[in-house]
file work.cif (mmCIF, N, CA and C atoms)
data_query
#
loop_
_atom_site.label_atom_id
_atom_site.label_comp_id
_atom_site.auth_asym_id
_atom_site.auth_seq_id
_atom_site.Cartn_x
_atom_site.Cartn_y
_atom_site.Cartn_z
N LEU L 937 164.65 83.57 47.87
CA LEU L 937 165.33 82.63 47.01
C LEU L 937 166.79 82.50 47.42
N SER L 938 167.40 81.46 46.89
CA SER L 938 168.76 81.17 47.31
C SER L 938 169.80 81.98 46.54
N SER L 939 170.83 82.37 47.24
CA SER L 939 171.97 83.02 46.61
C SER L 939 173.05 81.99 46.28
N LEU L 940 172.80 80.74 46.63
CA LEU L 940 173.77 79.67 46.38
C LEU L 940 173.80 79.32 44.91
N ASP L 941 174.94 78.80 44.48
CA ASP L 941 175.12 78.43 43.08
C ASP L 941 174.76 76.97 42.87
N PHE L 942 173.51 76.62 43.24
CA PHE L 942 172.99 75.28 43.04
C PHE L 942 171.77 75.38 42.15
N LYS L 943 171.43 74.26 41.50
CA LYS L 943 170.27 74.24 40.63
C LYS L 943 169.41 73.04 41.00
N LEU L 944 168.14 73.28 41.27
CA LEU L 944 167.21 72.20 41.55
C LEU L 944 166.71 71.64 40.23
N LEU L 945 166.94 70.34 40.01
CA LEU L 945 166.57 69.72 38.74
C LEU L 945 165.27 68.94 38.83
N GLY L 946 164.90 68.49 40.04
CA GLY L 946 163.67 67.73 40.18
C GLY L 946 163.44 67.34 41.62
N THR L 947 162.18 67.00 41.91
CA THR L 947 161.83 66.54 43.25
C THR L 947 160.86 65.38 43.14
N PHE L 948 160.82 64.57 44.17
CA PHE L 948 159.81 63.53 44.34
C PHE L 948 159.34 63.63 45.77
N VAL L 949 158.05 63.90 45.95
CA VAL L 949 157.50 64.05 47.28
C VAL L 949 156.65 62.84 47.60
N ALA L 950 157.03 62.09 48.63
CA ALA L 950 156.32 60.89 49.06
C ALA L 950 155.44 61.19 50.26
N ASP L 951 154.51 60.29 50.54
CA ASP L 951 153.66 60.43 51.72
C ASP L 951 154.50 60.43 53.00
N VAL L 952 155.53 59.60 53.02
CA VAL L 952 156.46 59.57 54.15
C VAL L 952 157.64 60.46 53.76
N LYS L 953 157.83 61.57 54.52
CA LYS L 953 158.82 62.57 54.10
C LYS L 953 160.23 62.01 53.97
N GLU L 954 160.55 60.96 54.71
CA GLU L 954 161.88 60.36 54.61
C GLU L 954 162.12 59.72 53.25
N ASN L 955 161.03 59.44 52.52
CA ASN L 955 161.15 58.84 51.19
C ASN L 955 161.17 59.88 50.07
N SER L 956 161.00 61.15 50.41
CA SER L 956 161.07 62.22 49.42
C SER L 956 162.53 62.49 49.09
N PHE L 957 162.76 62.98 47.87
CA PHE L 957 164.13 63.33 47.51
C PHE L 957 164.13 64.47 46.50
N ALA L 958 165.29 65.10 46.37
CA ALA L 958 165.50 66.18 45.41
C ALA L 958 166.78 65.91 44.65
N VAL L 959 166.79 66.27 43.39
CA VAL L 959 168.00 66.17 42.57
C VAL L 959 168.53 67.59 42.43
N ILE L 960 169.74 67.79 42.96
CA ILE L 960 170.36 69.12 42.98
C ILE L 960 171.69 69.04 42.24
N GLN L 961 171.93 70.06 41.41
CA GLN L 961 173.19 70.17 40.68
C GLN L 961 174.07 71.18 41.38
N SER L 962 175.31 70.79 41.65
CA SER L 962 176.25 71.69 42.32
C SER L 962 176.83 72.70 41.34
N GLU L 963 177.58 73.65 41.86
CA GLU L 963 178.20 74.67 41.01
C GLU L 963 179.19 74.06 40.03
N SER L 964 179.72 72.87 40.35
CA SER L 964 180.65 72.20 39.44
C SER L 964 179.93 71.34 38.40
N GLY L 965 178.58 71.30 38.47
CA GLY L 965 177.81 70.55 37.48
C GLY L 965 177.47 69.14 37.88
N ILE L 966 177.89 68.72 39.07
CA ILE L 966 177.60 67.36 39.53
C ILE L 966 176.17 67.29 40.04
N GLN L 967 175.43 66.30 39.54
CA GLN L 967 174.04 66.11 39.95
C GLN L 967 173.97 64.96 40.95
N LYS L 968 173.23 65.20 42.04
CA LYS L 968 173.16 64.20 43.10
C LYS L 968 171.77 64.20 43.72
N LEU L 969 171.36 63.05 44.21
CA LEU L 969 170.07 62.90 44.86
C LEU L 969 170.24 63.11 46.37
N TYR L 970 169.36 63.92 46.95
CA TYR L 970 169.42 64.23 48.38
C TYR L 970 168.06 63.98 49.01
N ARG L 971 168.08 63.46 50.22
CA ARG L 971 166.88 63.29 51.02
C ARG L 971 166.84 64.38 52.08
N GLN L 972 165.66 64.57 52.65
CA GLN L 972 165.51 65.56 53.72
C GLN L 972 166.46 65.22 54.86
N GLY L 973 167.18 66.22 55.34
CA GLY L 973 168.13 66.03 56.43
C GLY L 973 169.56 65.78 55.99
N GLU L 974 169.75 65.51 54.70
CA GLU L 974 171.11 65.27 54.20
C GLU L 974 171.80 66.60 53.87
N TYR L 975 173.10 66.57 53.93
CA TYR L 975 173.90 67.76 53.64
C TYR L 975 174.27 67.82 52.17
N VAL L 976 174.05 68.98 51.56
CA VAL L 976 174.51 69.25 50.20
C VAL L 976 175.99 69.63 50.25
N VAL L 977 176.35 70.42 51.25
CA VAL L 977 177.75 70.72 51.56
C VAL L 977 177.94 70.31 53.01
N GLU L 978 178.77 69.33 53.24
CA GLU L 978 178.93 68.72 54.57
C GLU L 978 179.17 69.74 55.66
N GLY L 979 178.30 69.70 56.68
CA GLY L 979 178.43 70.57 57.82
C GLY L 979 177.98 72.01 57.60
N GLN L 980 177.55 72.34 56.37
CA GLN L 980 177.20 73.73 56.08
C GLN L 980 175.78 73.89 55.54
N ILE L 981 175.44 73.14 54.50
CA ILE L 981 174.15 73.34 53.82
C ILE L 981 173.37 72.03 53.84
N LYS L 982 172.21 72.07 54.53
CA LYS L 982 171.41 70.87 54.72
C LYS L 982 170.04 71.05 54.07
N VAL L 983 169.49 69.95 53.53
CA VAL L 983 168.13 69.96 52.98
C VAL L 983 167.16 69.89 54.15
N GLU L 984 166.40 70.97 54.35
CA GLU L 984 165.43 71.04 55.45
C GLU L 984 164.08 70.46 55.06
N HIS L 985 163.56 70.88 53.91
CA HIS L 985 162.24 70.45 53.45
C HIS L 985 162.27 70.25 51.94
N ILE L 986 161.46 69.31 51.48
CA ILE L 986 161.33 69.05 50.04
C ILE L 986 159.86 69.20 49.66
N TYR L 987 159.61 70.05 48.69
CA TYR L 987 158.27 70.27 48.16
C TYR L 987 158.27 69.92 46.68
N LYS L 988 157.10 69.90 46.06
CA LYS L 988 157.05 69.47 44.65
C LYS L 988 157.75 70.44 43.71
N ASP L 989 157.85 71.72 44.09
CA ASP L 989 158.44 72.71 43.20
C ASP L 989 159.64 73.44 43.79
N LYS L 990 160.06 73.04 44.99
CA LYS L 990 161.19 73.72 45.63
C LYS L 990 161.72 72.89 46.79
N VAL L 991 162.92 73.28 47.24
CA VAL L 991 163.47 72.72 48.47
C VAL L 991 163.90 73.90 49.34
N VAL L 992 163.89 73.66 50.64
CA VAL L 992 164.37 74.66 51.60
C VAL L 992 165.71 74.15 52.12
N LEU L 993 166.73 74.96 51.94
CA LEU L 993 168.07 74.61 52.40
C LEU L 993 168.40 75.42 53.65
N ASN L 994 169.05 74.77 54.60
CA ASN L 994 169.53 75.45 55.80
C ASN L 994 171.01 75.72 55.57
N ASN L 995 171.32 76.98 55.31
CA ASN L 995 172.70 77.39 55.05
C ASN L 995 173.26 78.03 56.31
N GLN L 996 173.77 77.19 57.20
CA GLN L 996 174.35 77.63 58.47
C GLN L 996 173.39 78.51 59.26
N GLY L 997 172.13 78.06 59.35
CA GLY L 997 171.12 78.77 60.11
C GLY L 997 170.23 79.68 59.29
N ASN L 998 170.61 79.99 58.07
CA ASN L 998 169.79 80.81 57.17
C ASN L 998 169.02 79.90 56.22
N LEU L 999 167.69 80.03 56.23
CA LEU L 999 166.88 79.21 55.34
C LEU L 999 166.80 79.87 53.97
N GLU L 1000 167.09 79.09 52.94
CA GLU L 1000 167.08 79.58 51.57
C GLU L 1000 166.25 78.65 50.71
N ILE L 1001 165.52 79.21 49.77
CA ILE L 1001 164.67 78.42 48.88
C ILE L 1001 165.38 78.22 47.54
N LEU L 1002 165.42 76.98 47.14
CA LEU L 1002 165.94 76.61 45.83
C LEU L 1002 164.74 76.09 45.04
N ALA L 1003 164.31 76.84 44.02
CA ALA L 1003 163.09 76.51 43.28
C ALA L 1003 163.42 75.88 41.93
N LEU L 1004 162.48 75.08 41.46
CA LEU L 1004 162.61 74.54 40.11
C LEU L 1004 162.51 75.69 39.12
N PRO L 1005 163.22 75.60 38.02
CA PRO L 1005 163.10 76.65 37.01
C PRO L 1005 161.67 76.70 36.49
N GLN L 1006 161.18 77.90 36.23
CA GLN L 1006 159.85 78.06 35.66
C GLN L 1006 159.90 77.62 34.20
N PRO L 1007 158.89 76.86 33.77
CA PRO L 1007 158.90 76.42 32.37
C PRO L 1007 158.76 77.62 31.45
N SER L 1008 159.54 77.61 30.40
CA SER L 1008 159.43 78.69 29.42
C SER L 1008 158.31 78.34 28.45
N ASN L 1009 157.87 79.33 27.75
CA ASN L 1009 156.82 79.10 26.76
C ASN L 1009 157.45 78.41 25.57
N ILE L 1010 157.23 77.10 25.45
CA ILE L 1010 157.86 76.33 24.39
C ILE L 1010 157.08 76.43 23.08
N PHE L 1011 155.92 77.05 23.15
CA PHE L 1011 155.10 77.17 21.95
C PHE L 1011 155.36 78.51 21.29
N SER L 1012 155.42 78.48 20.00
CA SER L 1012 155.57 79.74 19.27
C SER L 1012 154.21 80.45 19.25
N PRO L 1013 154.20 81.72 18.94
CA PRO L 1013 152.92 82.42 18.88
C PRO L 1013 152.00 81.77 17.86
N PRO L 1014 150.70 81.88 18.06
CA PRO L 1014 149.79 81.26 17.10
C PRO L 1014 149.95 81.90 15.72
N PRO L 1015 149.68 81.13 14.68
CA PRO L 1015 149.81 81.70 13.34
C PRO L 1015 148.78 82.79 13.13
N ARG L 1016 149.10 83.68 12.20
CA ARG L 1016 148.15 84.74 11.86
C ARG L 1016 146.87 84.11 11.36
N GLN L 1017 145.77 84.74 11.67
CA GLN L 1017 144.50 84.25 11.16
C GLN L 1017 144.41 84.58 9.68
N LEU L 1018 143.94 83.61 8.94
CA LEU L 1018 143.75 83.83 7.51
C LEU L 1018 142.44 84.54 7.27
N ASP L 1019 142.46 85.47 6.35
CA ASP L 1019 141.24 86.21 6.01
C ASP L 1019 140.70 85.62 4.72
N PHE L 1020 139.73 84.71 4.85
CA PHE L 1020 139.17 84.05 3.67
C PHE L 1020 138.22 84.95 2.89
N ASN L 1021 137.83 86.07 3.47
CA ASN L 1021 136.93 86.98 2.77
C ASN L 1021 137.69 87.88 1.80
N ASN L 1022 138.99 87.91 1.90
CA ASN L 1022 139.78 88.84 1.08
C ASN L 1022 140.79 88.06 0.24
N ARG L 1023 140.32 86.98 -0.40
CA ARG L 1023 141.22 86.15 -1.21
C ARG L 1023 141.41 86.77 -2.60
N ASN L 1024 142.60 86.64 -3.08
CA ASN L 1024 142.87 87.06 -4.46
C ASN L 1024 142.50 85.94 -5.39
N SER L 1025 141.82 86.24 -6.47
CA SER L 1025 141.50 85.19 -7.44
C SER L 1025 142.71 85.03 -8.36
N GLY L 1026 143.02 83.80 -8.65
CA GLY L 1026 144.22 83.62 -9.41
C GLY L 1026 144.05 82.68 -10.44
#
call {"tool": "encode", "arguments": {"input": "work.cif", "output": "structure tokens"}}
result
Amino acid sequence: LSSLDFKLLGTFVADVKENSFAVIQSESGIQKLYRQGEYVVEGQIKVEHIYKDKVVLNNQGNLEILALPQPSNIFSPPPRQLDFNNRNSG
């Protein structure tokens, strides 16, 4: 995984790789669209490959993976099961 202070926000993978893109947020919070081969940091960090869940960045010869955040469990735990056999009469 990447040690860079970037965040992958989304990807679009096309049949023709030149049409694929990734949305990356910089350490300053700026979000920008990048295509394969474009530099995230000019002359230093380049987008090598774009996949549906990650991008591979070339950081001056070192390949680093920037992955989409894993979805958190947005559902709360299931409710307790009701015991209809043990109802209080009221």
call {"tool": "residues_around", "arguments": {"input": "work.cif", "residues": "Ile960 (chain L)", "least_positions_apart": "4", "cutoff": "7 Å", "atoms": "only C-alpha atoms", "output": "VMD selection string"}}
result
chain L and resid 942 to 945 967 to 969
call {"tool": "resolve_selection", "arguments": {"input": "work.cif", "expression": "the PyMOL selection byres ((chain L and resi 948) around 6.5)", "output": "tab-separated table (two decimals) with N, CA and C atoms, in the frame of the given file"}}
result
chain	number	residue	atom	x	y	z
L	946	GLY	N	164.90	68.49	40.04
L	946	GLY	CA	163.67	67.73	40.18
L	946	GLY	C	163.44	67.34	41.62
L	947	THR	N	162.18	67.00	41.91
L	947	THR	CA	161.83	66.54	43.25
L	947	THR	C	160.86	65.38	43.14
L	949	VAL	N	158.05	63.90	45.95
L	949	VAL	CA	157.50	64.05	47.28
L	949	VAL	C	156.65	62.84	47.60
L	950	ALA	N	157.03	62.09	48.63
L	950	ALA	CA	156.32	60.89	49.06
L	950	ALA	C	155.44	61.19	50.26
L	955	ASN	N	161.03	59.44	52.52
L	955	ASN	CA	161.15	58.84	51.19
L	955	ASN	C	161.17	59.88	50.07
L	956	SER	N	161.00	61.15	50.41
L	956	SER	CA	161.07	62.22	49.42
L	956	SER	C	162.53	62.49	49.09
L	957	PHE	N	162.76	62.98	47.87
L	957	PHE	CA	164.13	63.33	47.51
L	957	PHE	C	164.13	64.47	46.50
L	958	ALA	N	165.29	65.10	46.37
L	958	ALA	CA	165.50	66.18	45.41
L	958	ALA	C	166.78	65.91	44.65
L	959	VAL	N	166.79	66.27	43.39
L	959	VAL	CA	168.00	66.17	42.57
L	959	VAL	C	168.53	67.59	42.43
L	987	TYR	N	159.61	70.05	48.69
L	987	TYR	CA	158.27	70.27	48.16
L	987	TYR	C	158.27	69.92	46.68
L	988	LYS	N	157.10	69.90	46.06
L	988	LYS	CA	157.05	69.47	44.65
L	988	LYS	C	157.75	70.44	43.71
call {"tool": "resolve_selection", "arguments": {"input": "work.cif", "expression": "the PyMOL selection byres ((chain L and resi 996-1005) around 8)", "output": "JSON, numbers by chain"}}
result
{"L": [937, 938, 939, 940, 942, 943, 944, 945, 946, 947, 979, 980, 981, 982, 988, 989, 990, 991, 992, 993, 994, 995, 1006, 1007, 1008]}
call {"tool": "write_last_selection", "arguments": {"input": "work.cif", "atoms": "N, CA and C atoms", "output": "compact mmCIF listing (two decimals), in the coordinates of the input"}}
result
# COMPACT_ATOMS: atom_id res chain seq x y z
N LEU L 937 164.65 83.57 47.87
CA LEU L 937 165.33 82.63 47.01
C LEU L 937 166.79 82.50 47.42
N SER L 938 167.40 81.46 46.89
CA SER L 938 168.76 81.17 47.31
C SER L 938 169.80 81.98 46.54
N SER L 939 170.83 82.37 47.24
CA SER L 939 171.97 83.02 46.61
C SER L 939 173.05 81.99 46.28
N LEU L 940 172.80 80.74 46.63
CA LEU L 940 173.77 79.67 46.38
C LEU L 940 173.80 79.32 44.91
N PHE L 942 173.51 76.62 43.24
CA PHE L 942 172.99 75.28 43.04
C PHE L 942 171.77 75.38 42.15
N LYS L 943 171.43 74.26 41.50
CA LYS L 943 170.27 74.24 40.63
C LYS L 943 169.41 73.04 41.00
N LEU L 944 168.14 73.28 41.27
CA LEU L 944 167.21 72.20 41.55
C LEU L 944 166.71 71.64 40.23
N LEU L 945 166.94 70.34 40.01
CA LEU L 945 166.57 69.72 38.74
C LEU L 945 165.27 68.94 38.83
N GLY L 946 164.90 68.49 40.04
CA GLY L 946 163.67 67.73 40.18
C GLY L 946 163.44 67.34 41.62
N THR L 947 162.18 67.00 41.91
CA THR L 947 161.83 66.54 43.25
C THR L 947 160.86 65.38 43.14
N GLY L 979 178.30 69.70 56.68
CA GLY L 979 178.43 70.57 57.82
C GLY L 979 177.98 72.01 57.60
N GLN L 980 177.55 72.34 56.37
CA GLN L 980 177.20 73.73 56.08
C GLN L 980 175.78 73.89 55.54
N ILE L 981 175.44 73.14 54.50
CA ILE L 981 174.15 73.34 53.82
C ILE L 981 173.37 72.03 53.84
N LYS L 982 172.21 72.07 54.53
CA LYS L 982 171.41 70.87 54.72
C LYS L 982 170.04 71.05 54.07
N LYS L 988 157.10 69.90 46.06
CA LYS L 988 157.05 69.47 44.65
C LYS L 988 157.75 70.44 43.71
N ASP L 989 157.85 71.72 44.09
CA ASP L 989 158.44 72.71 43.20
C ASP L 989 159.64 73.44 43.79
N LYS L 990 160.06 73.04 44.99
CA LYS L 990 161.19 73.72 45.63
C LYS L 990 161.72 72.89 46.79
N VAL L 991 162.92 73.28 47.24
CA VAL L 991 163.47 72.72 48.47
C VAL L 991 163.90 73.90 49.34
N VAL L 992 163.89 73.66 50.64
CA VAL L 992 164.37 74.66 51.60
C VAL L 992 165.71 74.15 52.12
N LEU L 993 166.73 74.96 51.94
CA LEU L 993 168.07 74.61 52.40
C LEU L 993 168.40 75.42 53.65
N ASN L 994 169.05 74.77 54.60
CA ASN L 994 169.53 75.45 55.80
C ASN L 994 171.01 75.72 55.57
N ASN L 995 171.32 76.98 55.31
CA ASN L 995 172.70 77.39 55.05
C ASN L 995 173.26 78.03 56.31
N GLN L 1006 161.18 77.90 36.23
CA GLN L 1006 159.85 78.06 35.66
C GLN L 1006 159.90 77.62 34.20
N PRO L 1007 158.89 76.86 33.77
CA PRO L 1007 158.90 76.42 32.37
C PRO L 1007 158.76 77.62 31.45
N SER L 1008 159.54 77.61 30.40
CA SER L 1008 159.43 78.69 29.42
C SER L 1008 158.31 78.34 28.45
call {"tool": "atom_distance", "arguments": {"input": "work.cif", "atom1": "CA of Asp941 (chain L)", "atom2": "CA of Glu984 (chain L)"}}
result
17.4 Å
call {"tool": "atom_distance", "arguments": {"input": "work.cif", "atom1": "CA of Lys953 (chain L)", "atom2": "CA of Val976 (chain L)"}}
result
17.5 Å
call {"tool": "atom_distance", "arguments": {"input": "work.cif", "atom1": "atom C of Val977 (chain L)", "atom2": "atom N of Gly965 (chain L)"}}
result
14.6 Å
call {"tool": "decode", "arguments": {"input": "work.cif", "residues": "region 945-957 of chain L", "atoms": "N, CA, C and O atoms", "output": "PDB file, in the first residue's frame"}}
result
ATOM      1  N   LEU L 945     -10.651   8.325  -4.473  1.00  0.00           N
ATOM      2  CA  LEU L 945     -12.080   8.532  -4.246  1.00  0.00           C
ATOM      3  C   LEU L 945     -12.947   7.727  -5.192  1.00  0.00           C
ATOM      4  O   LEU L 945     -14.104   7.442  -4.875  1.00  0.00           O
ATOM      5  N   GLY L 946     -12.408   7.366  -6.363  1.00  0.00           N
ATOM      6  CA  GLY L 946     -13.198   6.604  -7.320  1.00  0.00           C
ATOM      7  C   GLY L 946     -12.395   6.291  -8.560  1.00  0.00           C
ATOM      8  O   GLY L 946     -11.368   6.912  -8.823  1.00  0.00           O
ATOM      9  N   THR L 947     -12.878   5.294  -9.295  1.00  0.00           N
ATOM     10  CA  THR L 947     -12.238   4.923 -10.554  1.00  0.00           C
ATOM     11  C   THR L 947     -13.307   4.617 -11.585  1.00  0.00           C
ATOM     12  O   THR L 947     -14.446   4.269 -11.248  1.00  0.00           O
ATOM     13  N   PHE L 948     -12.931   4.740 -12.843  1.00  0.00           N
ATOM     14  CA  PHE L 948     -13.747   4.292 -13.965  1.00  0.00           C
ATOM     15  C   PHE L 948     -12.810   3.550 -14.891  1.00  0.00           C
ATOM     16  O   PHE L 948     -11.821   4.118 -15.366  1.00  0.00           O
ATOM     17  N   VAL L 949     -13.098   2.279 -15.114  1.00  0.00           N
ATOM     18  CA  VAL L 949     -12.244   1.453 -15.958  1.00  0.00           C
ATOM     19  C   VAL L 949     -12.967   1.195 -17.266  1.00  0.00           C
ATOM     20  O   VAL L 949     -14.054   0.600 -17.285  1.00  0.00           O
ATOM     21  N   ALA L 950     -12.375   1.657 -18.370  1.00  0.00           N
ATOM     22  CA  ALA L 950     -12.952   1.491 -19.704  1.00  0.00           C
ATOM     23  C   ALA L 950     -12.260   0.351 -20.439  1.00  0.00           C
ATOM     24  O   ALA L 950     -11.180  -0.090 -20.042  1.00  0.00           O
ATOM     25  N   ASP L 951     -12.895  -0.108 -21.509  1.00  0.00           N
ATOM     26  CA  ASP L 951     -12.287  -1.150 -22.340  1.00  0.00           C
ATOM     27  C   ASP L 951     -10.959  -0.677 -22.924  1.00  0.00           C
ATOM     28  O   ASP L 951     -10.012  -1.446 -23.027  1.00  0.00           O
ATOM     29  N   VAL L 952     -10.906   0.578 -23.312  1.00  0.00           N
ATOM     30  CA  VAL L 952      -9.667   1.182 -23.801  1.00  0.00           C
ATOM     31  C   VAL L 952      -9.023   1.887 -22.619  1.00  0.00           C
ATOM     32  O   VAL L 952      -9.590   2.816 -22.058  1.00  0.00           O
ATOM     33  N   LYS L 953      -7.828   1.401 -22.210  1.00  0.00           N
ATOM     34  CA  LYS L 953      -7.228   1.896 -20.961  1.00  0.00           C
ATOM     35  C   LYS L 953      -6.998   3.401 -20.956  1.00  0.00           C
ATOM     36  O   LYS L 953      -7.013   4.018 -19.904  1.00  0.00           O
ATOM     37  N   GLU L 954      -6.813   4.006 -22.126  1.00  0.00           N
ATOM     38  CA  GLU L 954      -6.613   5.455 -22.188  1.00  0.00           C
ATOM     39  C   GLU L 954      -7.864   6.223 -21.768  1.00  0.00           C
ATOM     40  O   GLU L 954      -7.804   7.402 -21.453  1.00  0.00           O
ATOM     41  N   ASN L 955      -9.020   5.545 -21.788  1.00  0.00           N
ATOM     42  CA  ASN L 955     -10.270   6.191 -21.383  1.00  0.00           C
ATOM     43  C   ASN L 955     -10.601   5.964 -19.913  1.00  0.00           C
ATOM     44  O   ASN L 955     -11.591   6.471 -19.415  1.00  0.00           O
ATOM     45  N   SER L 956      -9.791   5.183 -19.217  1.00  0.00           N
ATOM     46  CA  SER L 956      -9.993   4.963 -17.786  1.00  0.00           C
ATOM     47  C   SER L 956      -9.485   6.177 -17.018  1.00  0.00           C
ATOM     48  O   SER L 956      -8.597   6.883 -17.478  1.00  0.00           O
ATOM     49  N   PHE L 957     -10.071   6.405 -15.852  1.00  0.00           N
ATOM     50  CA  PHE L 957      -9.592   7.508 -15.027  1.00  0.00           C
ATOM     51  C   PHE L 957      -9.795   7.197 -13.556  1.00  0.00           C
ATOM     52  O   PHE L 957     -10.544   6.298 -13.191  1.00  0.00           O
TER      53      PHE L 957
END
